[in-house]
>>> print(open('start.cif').read())   # mmCIF, C-alpha atoms and all ligand atoms; chains and numbers go by the auth columns
data_entry
loop_
_atom_site.group_PDB
_atom_site.id
_atom_site.type_symbol
_atom_site.label_atom_id
_atom_site.label_comp_id
_atom_site.label_asym_id
_atom_site.label_seq_id
_atom_site.Cartn_x
_atom_site.Cartn_y
_atom_site.Cartn_z
_atom_site.B_iso_or_equiv
_atom_site.auth_seq_id
_atom_site.auth_asym_id
ATOM 1 C CA MET A 1 97.780 143.416 -31.548 0.00 1 P
ATOM 2 C CA VAL A 2 97.525 142.116 -27.983 0.00 2 P
ATOM 3 C CA ASP A 3 100.858 141.701 -26.217 0.00 3 P
ATOM 4 C CA TRP A 4 100.133 138.569 -24.134 0.00 4 P
ATOM 5 C CA ARG A 5 103.309 139.090 -22.112 0.00 5 P
ATOM 6 C CA LEU A 6 101.432 141.818 -20.212 0.00 6 P
ATOM 7 C CA TYR A 7 98.988 139.191 -18.991 0.00 7 P
ATOM 8 C CA GLU A 8 101.659 136.605 -18.064 0.00 8 P
ATOM 9 C CA PRO A 9 101.498 137.235 -14.268 0.00 9 P
ATOM 10 C CA LEU A 10 97.728 136.796 -14.295 0.00 10 P
ATOM 11 C CA ILE A 11 97.911 133.702 -16.532 0.00 11 P
ATOM 12 C CA ASN A 12 100.644 132.174 -14.359 0.00 12 P
ATOM 13 C CA PHE A 13 98.591 132.833 -11.223 0.00 13 P
ATOM 14 C CA ALA A 14 95.641 130.995 -12.780 0.00 14 P
ATOM 15 C CA ARG A 15 97.901 128.154 -13.976 0.00 15 P
ATOM 16 C CA LYS A 16 99.370 127.471 -10.564 0.00 16 P
ATOM 17 C CA ARG A 17 95.872 127.156 -9.093 0.00 17 P
ATOM 18 C CA SER A 18 94.535 124.853 -11.766 0.00 18 P
ATOM 19 C CA MET A 19 96.777 121.860 -12.312 0.00 19 P
ATOM 20 C CA TRP A 20 95.740 118.516 -13.725 0.00 20 P
ATOM 21 C CA ILE A 21 97.933 115.625 -12.666 0.00 21 P
ATOM 22 C CA VAL A 22 98.736 112.770 -15.044 0.00 22 P
ATOM 23 C CA ALA A 23 97.246 109.682 -13.399 0.00 23 P
ATOM 24 C CA PHE A 24 100.400 107.586 -13.727 0.00 24 P
ATOM 25 C CA CYS A 25 102.290 106.329 -10.700 0.00 25 P
ATOM 26 C CA THR A 26 105.663 104.622 -10.584 0.00 26 P
ATOM 27 C CA GLY A 27 107.419 102.909 -7.682 0.00 27 P
ATOM 28 C CA CYS A 28 106.485 102.884 -4.010 0.00 28 P
ATOM 29 C CA GLY A 29 105.669 106.617 -3.832 0.00 29 P
ATOM 30 C CA GLY A 30 102.362 106.014 -5.632 0.00 30 P
ATOM 31 C CA ILE A 31 100.986 104.994 -2.236 0.00 31 P
ATOM 32 C CA GLU A 32 101.379 108.617 -1.064 0.00 32 P
ATOM 33 C CA MET A 33 98.811 109.753 -3.616 0.00 33 P
ATOM 34 C CA PRO A 34 95.614 108.499 -1.885 0.00 34 P
ATOM 35 C CA PRO A 35 96.258 110.519 1.332 0.00 35 P
ATOM 36 C CA LEU A 36 97.210 113.525 -0.796 0.00 36 P
ATOM 37 C CA MET A 37 94.049 113.402 -2.878 0.00 37 P
ATOM 38 C CA THR A 38 91.584 112.474 -0.140 0.00 38 P
ATOM 39 C CA SER A 39 90.248 114.235 2.942 0.00 39 P
ATOM 40 C CA ARG A 40 93.459 114.277 4.964 0.00 40 P
ATOM 41 C CA TYR A 41 95.501 116.556 2.680 0.00 41 P
ATOM 42 C CA ASP A 42 92.871 117.248 0.039 0.00 42 P
ATOM 43 C CA LEU A 43 94.947 118.488 -2.907 0.00 43 P
ATOM 44 C CA GLU A 44 91.741 119.568 -4.603 0.00 44 P
ATOM 45 C CA ARG A 45 91.819 122.642 -2.339 0.00 45 P
ATOM 46 C CA PHE A 46 94.720 123.810 -4.487 0.00 46 P
ATOM 47 C CA GLY A 47 92.819 123.247 -7.712 0.00 47 P
ATOM 48 C CA MET A 48 94.550 119.931 -8.449 0.00 48 P
ATOM 49 C CA MET A 49 92.911 116.822 -9.844 0.00 49 P
ATOM 50 C CA PRO A 50 94.228 113.621 -11.466 0.00 50 P
ATOM 51 C CA ASN A 51 93.390 113.146 -15.133 0.00 51 P
ATOM 52 C CA PRO A 52 93.764 109.841 -16.985 0.00 52 P
ATOM 53 C CA ALA A 53 94.459 111.640 -20.294 0.00 53 P
ATOM 54 C CA PRO A 54 97.993 113.064 -20.543 0.00 54 P
ATOM 55 C CA ARG A 55 96.887 115.317 -23.390 0.00 55 P
ATOM 56 C CA MET A 56 94.760 117.179 -20.839 0.00 56 P
ATOM 57 C CA ALA A 57 97.173 117.216 -17.898 0.00 57 P
ATOM 58 C CA ASP A 58 100.009 119.578 -17.089 0.00 58 P
ATOM 59 C CA LEU A 59 101.667 118.086 -14.001 0.00 59 P
ATOM 60 C CA PHE A 60 103.531 114.784 -14.127 0.00 60 P
ATOM 61 C CA LEU A 61 104.418 113.280 -10.756 0.00 61 P
ATOM 62 C CA ILE A 62 107.141 110.662 -10.930 0.00 62 P
ATOM 63 C CA THR A 63 106.455 108.852 -7.714 0.00 63 P
ATOM 64 C CA GLY A 64 109.416 106.533 -7.333 0.00 64 P
ATOM 65 C CA TYR A 65 111.906 104.227 -9.024 0.00 65 P
ATOM 66 C CA VAL A 66 111.834 104.035 -12.788 0.00 66 P
ATOM 67 C CA THR A 67 112.833 101.007 -14.830 0.00 67 P
ATOM 68 C CA PRO A 68 113.887 101.326 -18.504 0.00 68 P
ATOM 69 C CA LYS A 69 110.561 99.772 -19.537 0.00 69 P
ATOM 70 C CA THR A 70 108.621 102.371 -17.530 0.00 70 P
ATOM 71 C CA LEU A 71 110.890 105.170 -18.729 0.00 71 P
ATOM 72 C CA LYS A 72 109.762 104.579 -22.324 0.00 72 P
ATOM 73 C CA ARG A 73 106.144 105.086 -21.245 0.00 73 P
ATOM 74 C CA ILE A 74 107.121 108.122 -19.169 0.00 74 P
ATOM 75 C CA ILE A 75 108.858 109.798 -22.121 0.00 75 P
ATOM 76 C CA ILE A 76 105.985 109.070 -24.509 0.00 76 P
ATOM 77 C CA THR A 77 103.429 110.287 -21.935 0.00 77 P
ATOM 78 C CA TYR A 78 105.470 113.438 -21.232 0.00 78 P
ATOM 79 C CA GLU A 79 105.677 114.226 -24.936 0.00 79 P
ATOM 80 C CA MET A 80 101.894 113.852 -25.246 0.00 80 P
ATOM 81 C CA GLN A 81 101.251 116.540 -22.633 0.00 81 P
ATOM 82 C CA PRO A 82 100.537 120.039 -23.916 0.00 82 P
ATOM 83 C CA ASP A 83 102.882 122.929 -23.060 0.00 83 P
ATOM 84 C CA PRO A 84 103.456 124.279 -20.506 0.00 84 P
ATOM 85 C CA LYS A 85 103.962 121.109 -18.474 0.00 85 P
ATOM 86 C CA TYR A 86 105.774 120.406 -15.248 0.00 86 P
ATOM 87 C CA VAL A 87 107.534 117.424 -13.695 0.00 87 P
ATOM 88 C CA LEU A 88 107.792 116.773 -9.973 0.00 88 P
ATOM 89 C CA ALA A 89 109.931 113.780 -9.025 0.00 89 P
ATOM 90 C CA HIS A 90 109.619 112.388 -5.548 0.00 90 P
ATOM 91 C CA GLY A 91 111.744 109.904 -3.731 0.00 91 P
ATOM 92 C CA SER A 92 115.484 109.426 -4.031 0.00 92 P
ATOM 93 C CA CYS A 93 115.165 106.779 -6.749 0.00 93 P
ATOM 94 C CA PRO A 94 114.396 109.126 -9.681 0.00 94 P
ATOM 95 C CA LEU A 95 117.190 111.473 -8.525 0.00 95 P
ATOM 96 C CA ASN A 96 120.101 109.081 -8.086 0.00 96 P
ATOM 97 C CA GLY A 97 118.766 105.538 -8.080 0.00 97 P
ATOM 98 C CA GLY A 98 118.166 105.565 -4.299 0.00 98 P
ATOM 99 C CA ILE A 99 118.481 102.083 -2.830 0.00 99 P
ATOM 100 C CA TYR A 100 118.687 100.765 -6.396 0.00 100 P
ATOM 101 C CA TRP A 101 121.798 102.823 -7.159 0.00 101 P
ATOM 102 C CA ASP A 102 123.676 99.708 -8.351 0.00 102 P
ATOM 103 C CA ALA A 103 120.741 97.836 -9.903 0.00 103 P
ATOM 104 C CA TYR A 104 121.046 97.152 -13.635 0.00 104 P
ATOM 105 C CA ASN A 105 117.358 97.811 -14.226 0.00 105 P
ATOM 106 C CA ALA A 106 116.772 101.136 -12.440 0.00 106 P
ATOM 107 C CA ILE A 107 117.248 104.567 -13.997 0.00 107 P
ATOM 108 C CA LYS A 108 119.758 106.588 -11.960 0.00 108 P
ATOM 109 C CA HIS A 109 119.172 110.130 -13.241 0.00 109 P
ATOM 110 C CA LEU A 110 115.709 110.788 -14.588 0.00 110 P
ATOM 111 C CA ASP A 111 116.722 114.337 -15.567 0.00 111 P
ATOM 112 C CA LYS A 112 118.982 112.912 -18.295 0.00 112 P
ATOM 113 C CA TYR A 113 115.850 111.761 -20.148 0.00 113 P
ATOM 114 C CA ILE A 114 113.177 114.353 -19.323 0.00 114 P
ATOM 115 C CA PRO A 115 113.534 117.672 -17.469 0.00 115 P
ATOM 116 C CA VAL A 116 112.600 117.632 -13.787 0.00 116 P
ATOM 117 C CA ASP A 117 111.287 120.947 -12.404 0.00 117 P
ATOM 118 C CA VAL A 118 111.247 120.022 -8.715 0.00 118 P
ATOM 119 C CA ALA A 119 112.742 117.008 -6.964 0.00 119 P
ATOM 120 C CA ILE A 120 112.005 115.874 -3.410 0.00 120 P
ATOM 121 C CA ALA A 121 114.559 113.626 -1.752 0.00 121 P
ATOM 122 C CA GLY A 122 113.665 110.952 0.788 0.00 122 P
ATOM 123 C CA CYS A 123 112.686 107.321 0.876 0.00 123 P
ATOM 124 C CA MET A 124 109.816 107.653 0.796 0.00 124 P
ATOM 125 C CA PRO A 125 108.876 111.312 1.225 0.00 125 P
ATOM 126 C CA ARG A 126 105.812 111.783 3.424 0.00 126 P
ATOM 127 C CA PRO A 127 102.750 113.559 2.029 0.00 127 P
ATOM 128 C CA GLU A 128 103.862 116.766 3.829 0.00 128 P
ATOM 129 C CA ALA A 129 107.107 116.728 1.821 0.00 129 P
ATOM 130 C CA VAL A 130 105.179 116.166 -1.407 0.00 130 P
ATOM 131 C CA MET A 131 102.901 119.105 -0.487 0.00 131 P
ATOM 132 C CA ASP A 132 106.021 121.179 0.036 0.00 132 P
ATOM 133 C CA GLY A 133 107.275 120.189 -3.431 0.00 133 P
ATOM 134 C CA ILE A 134 103.899 121.115 -4.907 0.00 134 P
ATOM 135 C CA LYS A 135 104.065 124.530 -3.224 0.00 135 P
ATOM 136 C CA LYS A 136 107.552 124.966 -4.683 0.00 136 P
ATOM 137 C CA ILE A 137 106.324 124.129 -8.170 0.00 137 P
ATOM 138 C CA MET A 138 103.468 126.633 -7.711 0.00 138 P
ATOM 139 C CA GLU A 139 105.996 129.327 -6.796 0.00 139 P
ATOM 140 C CA LEU A 140 108.064 128.505 -9.889 0.00 140 P
ATOM 141 C CA ILE A 141 104.970 128.644 -12.113 0.00 141 P
ATOM 142 C CA GLU A 142 103.909 131.991 -10.650 0.00 142 P
ATOM 143 C CA THR A 143 107.346 133.509 -11.209 0.00 143 P
ATOM 144 C CA GLY A 144 107.639 132.005 -14.692 0.00 144 P
ATOM 145 C CA LYS A 145 110.623 129.843 -13.650 0.00 145 P
ATOM 146 C CA ALA A 146 109.040 126.406 -14.187 0.00 146 P
ATOM 147 C CA ASP A 147 110.683 126.130 -17.583 0.00 147 P
ATOM 148 C CA GLY A 148 111.490 122.399 -17.943 0.00 148 P
ATOM 149 C CA TRP A 149 109.176 122.140 -20.972 0.00 149 P
ATOM 150 C CA LYS A 150 111.187 124.910 -22.695 0.00 150 P
ATOM 151 C CA ARG A 151 114.474 123.218 -21.790 0.00 151 P
ATOM 152 C CA TYR A 152 113.207 119.968 -23.302 0.00 152 P
ATOM 153 C CA LYS A 153 112.668 121.707 -26.636 0.00 153 P
ATOM 154 C CA GLU A 154 115.844 123.783 -26.543 0.00 154 P
ATOM 155 C CA ASN A 155 118.032 120.807 -25.560 0.00 155 P
ATOM 156 C CA TYR A 156 116.093 118.115 -27.376 0.00 156 P
ATOM 157 C CA GLU A 157 119.283 116.739 -28.970 0.00 157 P
ATOM 158 C CA TYR A 158 120.769 116.126 -25.501 0.00 158 P
ATOM 159 C CA TYR A 159 117.671 114.308 -24.220 0.00 159 P
ATOM 160 C CA LYS A 160 117.232 112.339 -27.436 0.00 160 P
ATOM 161 C CA LYS A 161 120.888 111.263 -27.398 0.00 161 P
ATOM 162 C CA ASN A 162 120.504 109.889 -23.851 0.00 162 P
ATOM 163 C CA GLN A 163 117.217 108.171 -24.727 0.00 163 P
ATOM 164 C CA ASP A 164 118.709 106.607 -27.852 0.00 164 P
ATOM 165 C CA GLU A 165 121.812 105.469 -25.975 0.00 165 P
ATOM 166 C CA LEU A 166 119.597 103.588 -23.533 0.00 166 P
ATOM 167 C CA PHE A 167 116.997 102.161 -25.900 0.00 167 P
ATOM 168 C CA GLY A 168 118.710 102.227 -29.289 0.00 168 P
ATOM 169 C CA GLU A 169 117.730 104.421 -32.213 0.00 169 P
ATOM 170 C CA GLY A 170 114.194 104.024 -33.520 0.00 170 P
ATOM 171 C CA TRP A 171 112.836 102.886 -30.132 0.00 171 P
ATOM 172 C CA ARG A 172 109.706 105.040 -30.464 0.00 172 P
ATOM 173 C CA GLU A 173 108.725 103.335 -33.718 0.00 173 P
ATOM 174 C CA ARG A 174 109.488 99.883 -32.290 0.00 174 P
ATOM 175 C CA THR A 175 107.353 100.631 -29.195 0.00 175 P
ATOM 176 C CA ALA A 176 104.482 101.897 -31.367 0.00 176 P
ATOM 177 C CA ARG A 177 104.724 98.807 -33.633 0.00 177 P
ATOM 178 C CA ARG A 178 104.287 96.581 -30.570 0.00 178 P
ATOM 179 C CA TRP A 179 101.493 98.593 -28.953 0.00 179 P
ATOM 180 C CA ILE A 180 99.281 99.476 -31.895 0.00 180 P
ATOM 181 C CA PRO A 181 98.324 95.818 -32.741 0.00 181 P
ATOM 182 C CA TRP A 182 97.748 95.181 -29.023 0.00 182 P
ATOM 183 C CA LEU A 183 95.435 98.209 -28.798 0.00 183 P
ATOM 184 C CA MET A 184 93.552 97.167 -31.963 0.00 184 P
ATOM 185 C CA ASN A 185 93.000 93.663 -30.533 0.00 185 P
ATOM 186 C CA LYS A 186 91.791 95.113 -27.219 0.00 186 P
ATOM 187 C CA ARG A 187 89.399 97.356 -29.118 0.00 187 P
ATOM 188 C CA LYS A 188 87.990 94.330 -30.937 0.00 188 P
ATOM 189 C CA GLU A 189 87.689 92.391 -27.669 0.00 189 P
ATOM 190 C CA ILE A 190 85.545 95.103 -26.090 0.00 190 P
ATOM 191 C CA GLY A 191 83.419 95.369 -29.201 0.00 191 P
ATOM 192 C CA GLY A 192 84.793 98.666 -30.517 0.00 192 P
ATOM 193 C CA GLY A 193 85.958 99.274 -34.065 0.00 193 P
ATOM 194 C CA GLU A 194 83.328 96.967 -35.603 0.00 194 P
ATOM 195 C CA GLU A 195 82.145 97.974 -39.062 0.00 195 P
HETATM 196 S S1 LIG B . 112.780 106.371 -2.901 0.00 201 P
HETATM 197 FE FE1 LIG B . 112.293 104.678 -1.536 0.00 201 P
HETATM 198 S S2 LIG B . 110.072 104.719 -1.404 0.00 201 P
HETATM 199 FE FE2 LIG B . 110.645 105.892 -3.219 0.00 201 P
HETATM 200 S S3 LIG B . 110.596 104.432 -4.900 0.00 201 P
HETATM 201 FE FE3 LIG B . 112.684 104.483 -4.124 0.00 201 P
HETATM 202 S S4 LIG B . 112.758 102.773 -2.668 0.00 201 P
HETATM 203 FE FE4 LIG B . 110.601 103.241 -3.019 0.00 201 P
#
>>> encode(input="start.cif", output="structure tokens", more="lines below")
Ligand code: SF4
Amino acid sequence: MVDWRLYEPLINFARKRSMWIVAFCTGCGGIEMPPLMTSRYDLERFGMMPNPAPRMADLFLITGYVTPKTLKRIIITYEMQPDPKYVLAHGSCPLNGGIYWDAYNAIKHLDKYIPVDVAIAGCMPRPEAVMDGIKKIMELIETGKADGWKRYKENYEYYKKNQDELFGEGWRERTARRWIPWLMNKRKEIGGGEE
């Protein structure tokens, strides 16, 4: 039988150089993505590309403040991603609320709800700082220390308790009940799903 642990360093090296980013931006930091992806900083050099499908993306960038409404979508999107997956939060808002520290509708500590592998402080961090965070996450992947996805499973009760405290128990089902009819209607509107 093959012991895959022997190949871990090689697999991790390949992983760090081939990351797909969930195309999902929150807050003001989303505006840093165009310079990062285009000719000026050209993230593609590092093997990184945005992907609209979370089921085929391993890096989730949380690019700024998060409201409870957005947090629901973030959690559901994060859970859709395959393992191993990594979260990079940039801007002070996801870390401690930033300038919204006393706002009723901003999440103060994102890491209470999903694990954050690397956080970059600043308001807003420049693309160079985001590049630095990306290099840090690459280092963690290469050394096998980017383990947020494992922590999410091991401490699922902790994360679920915090999520339920904020949204109330059964929030996933309630969200799905609201979204599935909306999606079905949209599908009809664009002519899909016809018999
Ligand atoms: S840290 Fe600053 S730039 Fe980033 S989302 Fe918050 S207010 Fe906007």
>>> residues_near_ligand(input="start.cif", ligand="ligand LIG 201 (chain P)", cutoff="6 Å", atoms="only C-alpha atoms and all ligand atoms", output="mmCIF file with C-alpha atoms, keeping the file's coordinate frame")
data_model
loop_
_atom_site.group_PDB
_atom_site.id
_atom_site.type_symbol
_atom_site.label_atom_id
_atom_site.label_comp_id
_atom_site.auth_asym_id
_atom_site.auth_seq_id
_atom_site.Cartn_x
_atom_site.Cartn_y
_atom_site.Cartn_z
ATOM 1 C CA GLY P 27 107.419 102.909 -7.682
ATOM 2 C CA CYS P 28 106.485 102.884 -4.010
ATOM 3 C CA GLY P 29 105.669 106.617 -3.832
ATOM 4 C CA GLY P 64 109.416 106.533 -7.333
ATOM 5 C CA TYR P 65 111.906 104.227 -9.024
ATOM 6 C CA GLY P 91 111.744 109.904 -3.731
ATOM 7 C CA SER P 92 115.484 109.426 -4.031
ATOM 8 C CA CYS P 93 115.165 106.779 -6.749
ATOM 9 C CA GLY P 98 118.166 105.565 -4.299
ATOM 10 C CA ILE P 99 118.481 102.083 -2.830
ATOM 11 C CA GLY P 122 113.665 110.952 0.788
ATOM 12 C CA CYS P 123 112.686 107.321 0.876
ATOM 13 C CA MET P 124 109.816 107.653 0.796
#
>>> residues_around(input="start.cif", residues="Leu10 (chain P)", least_positions_apart="5", cutoff="10 Å", atoms="all atoms listed in the file", output="VMD selection string")
chain P and resid 5 15 142
>>> atom_distance(input="start.cif", atom1="CA of Phe24 (chain P)", atom2="CA of Ala57 (chain P)")
11.0 Å
>>> atom_distance(input="start.cif", atom1="CA of Asp111 (chain P)", atom2="CA of Ala89 (chain P)")
9.4 Å
>>> closest_residue(input="start.cif", among="P:Ile31, P:Ile107, P:Met19, P:Ala53", to="Val66 (chain P)", atoms="all atoms listed in the file")
P:Ile107
>>> residues_around(input="start.cif", residues="Tyr86 (chain P)", least_positions_apart="4", cutoff="7 Å", atoms="all atoms listed in the file", output="PyMOL selection string")
chain P and resi 58-60+117+146+148-149
>>> atom_distance(input="start.cif", atom1="CA of Leu43 (chain P)", atom2="CA of Lys136 (chain P)")
14.3 Å
>>> closest_residue(input="start.cif", among="P:Asp164, P:Glu157, P:Asp3, P:Asp42", to="Pro127 (chain P)", atoms="only C-alpha atoms")
P:Asp42
>>> closest_residue(input="start.cif", among="P:Pro52, P:Pro125, P:Pro9, P:Pro115", to="His90 (chain P)", atoms="all atoms listed in the file")
P:Pro125
>>> resolve_selection(input="start.cif", expression="the PyMOL selection byres (((chain P and resi 95) around 7) and not hetatm)", output="list of chain:residue names")
P:Ser92, P:Cys93, P:Pro94, P:Asn96, P:Gly97, P:Lys108, P:His109, P:Leu110
>>> closest_atom_pairs(input="start.cif", of="region 62-133 of chain P", to="region 176-184 of chain P", cutoff="12 Å", atoms="all atoms listed in the file", output="CSV")
residue,atom,partner,partner_atom,distance
P:Lys72,CA,P:Ala176,CA,10.8
P:Arg73,CA,P:Ala176,CA,10.7
P:Ile76,CA,P:Ala176,CA,10.0
>>> closest_residue(input="start.cif", among="P:Leu61, P:Ile74, P:Met131, P:Val118", to="Asp147 (chain P)", atoms="all atoms listed in the file")
P:Val118
>>> resolve_selection(input="start.cif", expression="the PyMOL selection byres (((chain P and resi 14) around 12) and not hetatm)", output="number ranges by chain")
P: 7-13, 15-19, 46-48, 138, 141-142
>>> resolve_selection(input="start.cif", expression="the PyMOL selection byres (((chain P and resi 162) around 12) and not hetatm)", output="PyMOL selection string")
chain P and resi 71+75+107+109-114+155-161+163-169
>>> axis_aligned_box(input="start.cif", around="region 9-12 of chain P", padding_each_side="6 Å", output="AutoDock Vina command-line options")
--center_x 99.6 --center_y 134.7 --center_z -15.4 --size_x 15.8 --size_y 17.1 --size_z 14.3
>>> decode(input="start.cif", residues="region 27-111 of chain P", atoms="C-alpha atoms", output="short mmCIF file (atom, residue, chain, number, x, y, z; two decimals), in the first residue's frame")
data_model
loop_
_atom_site.label_atom_id
_atom_site.label_comp_id
_atom_site.auth_asym_id
_atom_site.auth_seq_id
_atom_site.Cartn_x
_atom_site.Cartn_y
_atom_site.Cartn_z
CA GLY P 27 -16.35 45.08 1.96
CA CYS P 28 -14.04 47.74 0.56
CA GLY P 29 -11.04 45.42 0.14
CA GLY P 30 -12.64 43.85 -2.95
CA ILE P 31 -11.28 46.85 -4.86
CA GLU P 32 -7.73 45.56 -4.24
CA MET P 33 -8.46 42.46 -6.31
CA PRO P 34 -8.33 44.02 -9.82
CA PRO P 35 -4.74 45.33 -9.39
CA LEU P 36 -3.75 42.00 -7.85
CA MET P 37 -5.16 39.95 -10.70
CA THR P 38 -4.14 42.19 -13.59
CA SER P 39 -0.83 43.23 -15.12
CA ARG P 40 0.47 45.29 -12.22
CA TYR P 41 0.80 42.48 -9.66
CA ASP P 42 -0.33 39.58 -11.83
CA LEU P 43 -1.23 36.91 -9.26
CA GLU P 44 -1.46 34.40 -12.08
CA ARG P 45 2.35 34.23 -11.96
CA PHE P 46 1.89 32.35 -8.70
CA GLY P 47 -0.58 29.92 -10.21
CA MET P 48 -3.61 31.71 -8.77
CA MET P 49 -6.90 32.30 -10.54
CA PRO P 50 -10.41 33.28 -9.37
CA ASN P 51 -13.10 30.63 -9.77
CA PRO P 52 -16.83 31.33 -9.52
CA ALA P 53 -17.52 27.80 -8.20
CA PRO P 54 -16.58 27.33 -4.53
CA ARG P 55 -16.63 23.56 -5.00
CA MET P 56 -13.57 23.99 -7.23
CA ALA P 57 -11.69 26.63 -5.24
CA ASP P 58 -9.35 26.26 -2.29
CA LEU P 59 -8.56 29.83 -1.23
CA PHE P 60 -11.20 32.11 0.27
CA LEU P 61 -10.24 35.77 0.54
CA ILE P 62 -12.39 37.73 2.96
CA THR P 63 -11.76 41.19 1.66
CA GLY P 64 -13.32 43.43 4.28
CA TYR P 65 -16.18 44.00 6.70
CA VAL P 66 -18.70 41.23 7.11
CA THR P 67 -22.34 41.73 8.03
CA PRO P 68 -24.42 38.90 9.59
CA LYS P 69 -26.27 38.51 6.27
CA THR P 70 -22.98 38.10 4.38
CA LEU P 71 -21.57 35.82 7.08
CA LYS P 72 -24.30 33.25 6.38
CA ARG P 73 -23.22 33.15 2.72
CA ILE P 74 -19.56 33.01 3.74
CA ILE P 75 -20.13 30.01 6.02
CA ILE P 76 -22.19 28.15 3.43
CA THR P 77 -19.62 28.92 0.70
CA TYR P 78 -16.74 27.84 2.97
CA GLU P 79 -18.47 24.56 3.74
CA MET P 80 -18.95 23.91 0.01
CA GLN P 81 -15.21 24.13 -0.67
CA PRO P 82 -13.31 20.85 -0.83
CA ASP P 83 -10.53 20.10 1.69
CA PRO P 84 -7.87 21.31 2.06
CA LYS P 85 -9.05 24.92 1.95
CA TYR P 86 -7.56 28.13 3.24
CA VAL P 87 -8.89 31.48 4.44
CA LEU P 88 -7.04 34.77 4.14
CA ALA P 89 -8.77 37.72 5.80
CA HIS P 90 -7.65 41.19 4.88
CA GLY P 91 -8.43 44.48 6.47
CA SER P 92 -9.00 45.19 10.14
CA CYS P 93 -12.77 44.71 9.89
CA PRO P 94 -12.80 40.87 9.78
CA LEU P 95 -10.25 40.77 12.63
CA ASN P 96 -11.83 43.09 15.18
CA GLY P 97 -14.58 45.07 13.48
CA GLY P 98 -12.16 47.84 12.40
CA ILE P 99 -13.94 51.19 12.14
CA TYR P 100 -17.21 49.32 12.67
CA TRP P 101 -16.10 47.98 16.05
CA ASP P 102 -19.27 49.33 17.72
CA ALA P 103 -21.70 48.81 14.83
CA TYR P 104 -24.59 46.44 15.55
CA ASN P 105 -24.45 44.95 12.06
CA ALA P 106 -20.74 44.14 11.61
CA ILE P 107 -19.06 40.90 12.66
CA LYS P 108 -16.21 41.63 15.08
CA HIS P 109 -14.27 38.34 15.06
CA LEU P 110 -14.61 36.31 11.90
CA ASP P 111 -12.48 33.53 13.41
#
